[in-house]
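Below you'll find the structure, written out as structure tokens, and then a few comments.
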Amino acid sequence: MNKLTIADLDVRGKRVLLRVDFNVPLNENHQVSDNTRILAALPTIQYLLNGGARLIILSHLGRPKGKPAEEFSLRPVAEILGDILKQQVFFSPALLGPVARTAIDCLKDGDCLLMENVRFYPEEEKNDVQFSKELASLADLYVNDAFGTAHRAHASNEGVTRYFDNAACGFLIEKELTYLEGLLKSPEAPFCAIIGGAKVRDKIHVIGNLLIKADDILIGGGMAYTFLKVQGRGIGNSMVDIESTDLVKHTFAEAARLGKTIHLPVDHVIAESFSNEVPTQIVENDIPDGYMGLDIGPKTIANFLSVIEKAKTVFWNGPMGVFEMDHFQQGTFSIAEGMASSSAVTVVGGGDSVAAVNRIRKADAMSHVSTGGGASLELLEGKKLPGIEALAEKENGA
Ligand code: AMP
């Protein structure tokens with residue numbers, strides 16, 4: 001991680017524009033139902049406030065599609081953040097113009113102002129130059145700590161950086177990069193990567209890139225059935241992605257070339273339909289016609305856990321089955337438990353795997369739980385993330 005960080009900046013008395021990911025889940029009454037993302041940004045916010053910055057926070061929330069919409073207002077988040085920080089968090093209903101200017105001019109050192117949802121402005125997702133320039137004119141310094149949007153080039157995380165000499169990252173992005181780049185650069189061996197979930201297409205390039213460093217790849221979830229089908233196994237009515245067949249064949253060939261092992265399920269929890277209400281069975285090897293595989297079976301769990309036990313580095317993305325339904329959650333929760341009790345470096349890569357880890361309350365037992373599903377996968381695919389690329393390098397900065 002060689003990006004400039006907030007620790008390299010002198011923030012006292014400066015107006016600091018901080019982009020965070022407060023894209024929190026809301027319940028049917030539009031109340032925040034989970035404040036994990038707010039807590040994830042807290043070390044950076046507290047550091048800046050303690051350092052005497054005049055803090056101006058930007059975030060998006062939901063998909064308001066470039067128009068103001070009360071249900072996606074960040075106003076309730078200002079209150080929650082104020083309660084957590086035990087200080088008043090001011091709120092500006094406008095990002096630009098006299099209302100925003102006045103709110104910022106009133107800030108004293110150590111004050112905190114949350115601006116309204118950046119996605120109320122269509123220019124945000126278009127990475128509009130003029131809009132970026134106007135955002136930049138609000139502050140003296142810029143810090144990005146929104147890892148969850150780092151794979152998007154938007155005005156508030158990419159365009160805006162062009163108008164600051166020393167755009168820095170916050171502690172959350174620093175931690176995300178340290179762990180995720182660490183997997184690609186210098187993972188302690190044996191390194192085991194566990195990939196599950198539904199879509200082969202979304203993750204096949206991650207598998208391809210991880211094969212270079214990982215010793216074992218464990219594949220579960222719906223995507224395993226495309227791999228099993230390519231091996232000539234019977235998969236019944238399980239989900240399959242025929243269009244990814246060639247990519248899967250290529251992945252097997254690459255694994256063989258590199259001397260790496262791809263571990264697939266050897267047994268399955270099956271049912272006649274995609275439902276929690278129908279009887280289930282466990283089958284080994286082929287799945288009979290008329291049935292679909294909806295979770296990995298007990299032998300597969302044991303196989304996977306024995307690989308995890310020996311590993312010194314473990315990365316996991318994607319559930320092992322339809323873990324949203326009680327009958328098909330054992331595989332996913334067993335992997336989460338196995339990782340939690342391991343002394344290896346354990347990294348959970350966003351999305352449903354994070355939800356599963358939180359469901360069994362094991363997040364604290366992991367070395368790192370990523371806050372960005374899409375961003376972490378793109379990084380592990382070997383792609384450059386525009387929101388990260390735009391930040392200054394340490395050598396040039398401070
Ligand atoms: P992804 O977004 O690719 O990580 O996929 C997550 C989704 O995959 C979850 O909603 C799971 O219910 C689903 N899933 C996992 N295993 C299976 C399976 N065997 N059949 C169908 N869907 C699955």
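Letters A, B, ... mark the chains of the structure tokens in the order given; residue numbers begin at 1 per chain; ligand numbers begin at 1, in order shown.
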- request: May I have all residues of segment 142-380 of chain A that DSSP, computed from the backbone, assigns to helix (DSSP H, G or I), given as a ChimeraX atom specification?
  value: /A:147-149,159-163,171-185,200-210,224-230,242-258,298-310,326-328,330-340,352-359,363-365,373-380
- request: Write out as a ChimeraX atom specification each polymer residue (protein, DNA or RNA) that has an atom no more than 9 Å from ligand 1, with only C-alpha atoms and all ligand atoms counted.
  value: /A:195-203,220-225,238-240,268-270,274,292-296,317-325,328,332,350-353,373
Excluding Glu123 of chain A and residues on its chain fewer than 3 positions from it, collect all residues at most 10 Å away from it, counting only C-alpha atoms, and give them as a PDB file with N, CA and C atoms, in the first residue's frame.
```
ATOM      1  N   GLY A  66     -30.047  10.243  -9.875  1.00  0.00           N
ATOM      2  CA  GLY A  66     -29.765  11.626 -10.241  1.00  0.00           C
ATOM      3  C   GLY A  66     -30.839  12.626  -9.878  1.00  0.00           C
ATOM      4  N   VAL A 118     -24.814  12.500  -2.722  1.00  0.00           N
ATOM      5  CA  VAL A 118     -24.194  12.972  -3.979  1.00  0.00           C
ATOM      6  C   VAL A 118     -24.930  12.458  -5.217  1.00  0.00           C
ATOM      7  N   ARG A 119     -25.646  11.350  -5.076  1.00  0.00           N
ATOM      8  CA  ARG A 119     -26.337  10.796  -6.253  1.00  0.00           C
ATOM      9  C   ARG A 119     -27.690  11.471  -6.511  1.00  0.00           C
ATOM     10  N   PHE A 120     -28.008  12.528  -5.754  1.00  0.00           N
ATOM     11  CA  PHE A 120     -29.167  13.349  -6.114  1.00  0.00           C
ATOM     12  C   PHE A 120     -28.824  14.213  -7.330  1.00  0.00           C
ATOM     13  N   LYS A 126     -21.890  10.594 -13.800  1.00  0.00           N
ATOM     14  CA  LYS A 126     -21.292  10.895 -15.122  1.00  0.00           C
ATOM     15  C   LYS A 126     -19.853  11.388 -14.969  1.00  0.00           C
ATOM     16  N   ASN A 127     -19.412  11.527 -13.747  1.00  0.00           N
ATOM     17  CA  ASN A 127     -18.059  12.039 -13.477  1.00  0.00           C
ATOM     18  C   ASN A 127     -17.843  13.373 -14.196  1.00  0.00           C
ATOM     19  N   ASP A 128     -18.842  14.237 -14.089  1.00  0.00           N
ATOM     20  CA  ASP A 128     -18.854  15.516 -14.801  1.00  0.00           C
ATOM     21  C   ASP A 128     -17.726  16.443 -14.322  1.00  0.00           C
ATOM     22  N   VAL A 129     -17.054  17.059 -15.281  1.00  0.00           N
ATOM     23  CA  VAL A 129     -15.870  17.861 -14.960  1.00  0.00           C
ATOM     24  C   VAL A 129     -16.232  19.094 -14.131  1.00  0.00           C
ATOM     25  N   GLN A 130     -17.259  19.841 -14.580  1.00  0.00           N
ATOM     26  CA  GLN A 130     -17.636  21.064 -13.879  1.00  0.00           C
ATOM     27  C   GLN A 130     -18.098  20.757 -12.450  1.00  0.00           C
ATOM     28  N   PHE A 131     -18.904  19.701 -12.321  1.00  0.00           N
ATOM     29  CA  PHE A 131     -19.411  19.284 -11.010  1.00  0.00           C
ATOM     30  C   PHE A 131     -18.234  18.887 -10.093  1.00  0.00           C
ATOM     31  N   SER A 132     -17.283  18.153 -10.654  1.00  0.00           N
ATOM     32  CA  SER A 132     -16.109  17.732  -9.875  1.00  0.00           C
ATOM     33  C   SER A 132     -15.350  18.960  -9.377  1.00  0.00           C
ATOM     34  N   HIS A 154     -16.552   8.046 -10.394  1.00  0.00           N
ATOM     35  CA  HIS A 154     -17.592   9.056 -10.232  1.00  0.00           C
ATOM     36  C   HIS A 154     -16.941  10.373  -9.801  1.00  0.00           C
ATOM     37  N   ALA A 155     -17.743  11.454  -9.856  1.00  0.00           N
ATOM     38  CA  ALA A 155     -17.177  12.776  -9.561  1.00  0.00           C
ATOM     39  C   ALA A 155     -16.607  12.853  -8.144  1.00  0.00           C
ATOM     40  N   SER A 156     -17.323  12.295  -7.170  1.00  0.00           N
ATOM     41  CA  SER A 156     -16.906  12.483  -5.780  1.00  0.00           C
ATOM     42  C   SER A 156     -15.753  11.579  -5.357  1.00  0.00           C
TER      43      SER A 156
END
```
- line: From atom CA of Lys299 of chain A to atom CA of Gln281 of chain A the spacing works out at 13.6 Å
task: Would you kindly return, as a ChimeraX atom specification, each protein, DNA or RNA residue with an atom no farther than 8 Å from any atom of Met339 of chain A, considering only C-alpha atoms and excluding same-chain residues fewer than 6 positions away?
output: /A:308,314,346,366
Emit the selected residues as a tab-separated table (two decimals), in the first residue's frame, including all heavy atoms.
```tsv
chain	number	residue	atom	x	y	z
A	308	ILE	N	-8.85	-25.77	4.80
A	308	ILE	CA	-8.80	-24.48	5.53
A	308	ILE	C	-7.91	-24.60	6.77
A	308	ILE	O	-7.11	-23.72	7.08
A	308	ILE	CB	-10.24	-24.03	5.93
A	308	ILE	CG1	-11.05	-23.67	4.68
A	308	ILE	CG2	-10.21	-22.85	6.91
A	308	ILE	CD1	-12.54	-23.46	4.92
A	314	VAL	N	-6.36	-17.49	4.07
A	314	VAL	CA	-7.64	-17.94	3.52
A	314	VAL	C	-8.42	-16.72	3.02
A	314	VAL	O	-8.56	-15.72	3.73
A	314	VAL	CB	-8.51	-18.65	4.59
A	314	VAL	CG1	-9.78	-19.22	3.95
A	314	VAL	CG2	-7.74	-19.75	5.29
A	346	THR	N	-7.24	-14.40	7.62
A	346	THR	CA	-8.53	-14.71	7.01
A	346	THR	C	-9.19	-13.44	6.47
A	346	THR	O	-9.37	-12.47	7.19
A	346	THR	CB	-9.47	-15.36	8.05
A	346	THR	OG1	-9.41	-14.58	9.26
A	346	THR	CG2	-9.07	-16.79	8.36
A	366	MET	N	-12.33	-12.65	12.16
A	366	MET	CA	-11.62	-12.64	10.88
A	366	MET	C	-10.54	-11.56	10.90
A	366	MET	O	-10.70	-10.52	11.56
A	366	MET	CB	-12.59	-12.34	9.73
A	366	MET	CG	-13.80	-13.24	9.66
A	366	MET	SD	-13.33	-14.95	9.30
A	366	MET	CE	-14.93	-15.76	9.50
```
message: Neighbouring residues of segment 12-21 of chain A were defined as those with any atom within 6 Å, considering only C-alpha atoms; residues of the same chain fewer than 6 positions away were excluded. Please report them as a list in words.
response: Gly51, Gly52, Ala53, Arg54, Leu55, Ile56, Ile57, Leu58, Ser59, Asp109, Ala139, Asp140, Leu141, Tyr142, Val143, Asn144, Asp145 and Ala146 of chain A
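If only C-alpha atoms are the atoms counted, then among A:Leu258, A:Val307, A:Ala271, A:Cys192 the closest residue to Gly290 of chain A is A:Ala271.
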Pull the closest atom pair for each residue of segment 300-379 of chain A that gets at most 9 Å from segment 204-215 of chain A, along with the distance in Å to one decimal, counting only C-alpha atoms, ordering rows by chain and then ascending residue number, as CSV.
```
residue,atom,partner,partner_atom,distance
A:Thr313,CA,A:Ala214,CA,8.8
A:Leu377,CA,A:Val206,CA,6.5
A:Glu378,CA,A:Val206,CA,7.6
A:Leu379,CA,A:Val206,CA,8.7
```
Same residues, N, CA, C and O atoms, saved as a PDB file, in the first residue's frame:
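Result file is part.pdb:
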```pdb
ATOM      1  N   THR A 313      -3.189 -18.726   4.857  1.00  0.00           N
ATOM      2  CA  THR A 313      -3.931 -17.581   4.329  1.00  0.00           C
ATOM      3  C   THR A 313      -5.226 -18.123   3.719  1.00  0.00           C
ATOM      4  O   THR A 313      -5.184 -19.110   2.979  1.00  0.00           O
ATOM      5  N   LEU A 377     -13.613  -7.765  -5.539  1.00  0.00           N
ATOM      6  CA  LEU A 377     -13.470  -8.747  -6.621  1.00  0.00           C
ATOM      7  C   LEU A 377     -12.676  -8.172  -7.790  1.00  0.00           C
ATOM      8  O   LEU A 377     -11.820  -8.842  -8.360  1.00  0.00           O
ATOM      9  N   GLU A 378     -12.966  -6.911  -8.139  1.00  0.00           N
ATOM     10  CA  GLU A 378     -12.228  -6.309  -9.256  1.00  0.00           C
ATOM     11  C   GLU A 378     -10.738  -6.192  -8.932  1.00  0.00           C
ATOM     12  O   GLU A 378      -9.887  -6.430  -9.787  1.00  0.00           O
ATOM     13  N   LEU A 379     -10.454  -5.836  -7.684  1.00  0.00           N
ATOM     14  CA  LEU A 379      -9.050  -5.737  -7.277  1.00  0.00           C
ATOM     15  C   LEU A 379      -8.359  -7.103  -7.387  1.00  0.00           C
ATOM     16  O   LEU A 379      -7.254  -7.215  -7.905  1.00  0.00           O
TER      17      LEU A 379
END
```
- request: Excluding Asp286 of chain A and residues on its chain fewer than 4 positions from it, collect all residues at most 10 Å away from it, counting only C-alpha atoms, and give them as JSON, numbers by chain.
  value: {"A": [228, 229, 232, 233, 234, 235, 236, 266, 267, 268, 293]}
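Across A:Tyr47, A:Phe90, A:Phe227, A:Trp316, the tightest approach to Leu183 of chain A is made by A:Trp316 when counting only C-alpha atoms.
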DSSP strand (DSSP E or B) residues within segment 153-230 of chain A, as a ChimeraX atom specification: /A:168-169,191-195,216-219
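When only C-alpha atoms are used to compute distances to Val24 of chain A, the closest of the residues A:Gln231, A:Tyr179, A:Lys65, A:Thr371 turns out to be A:Thr371.
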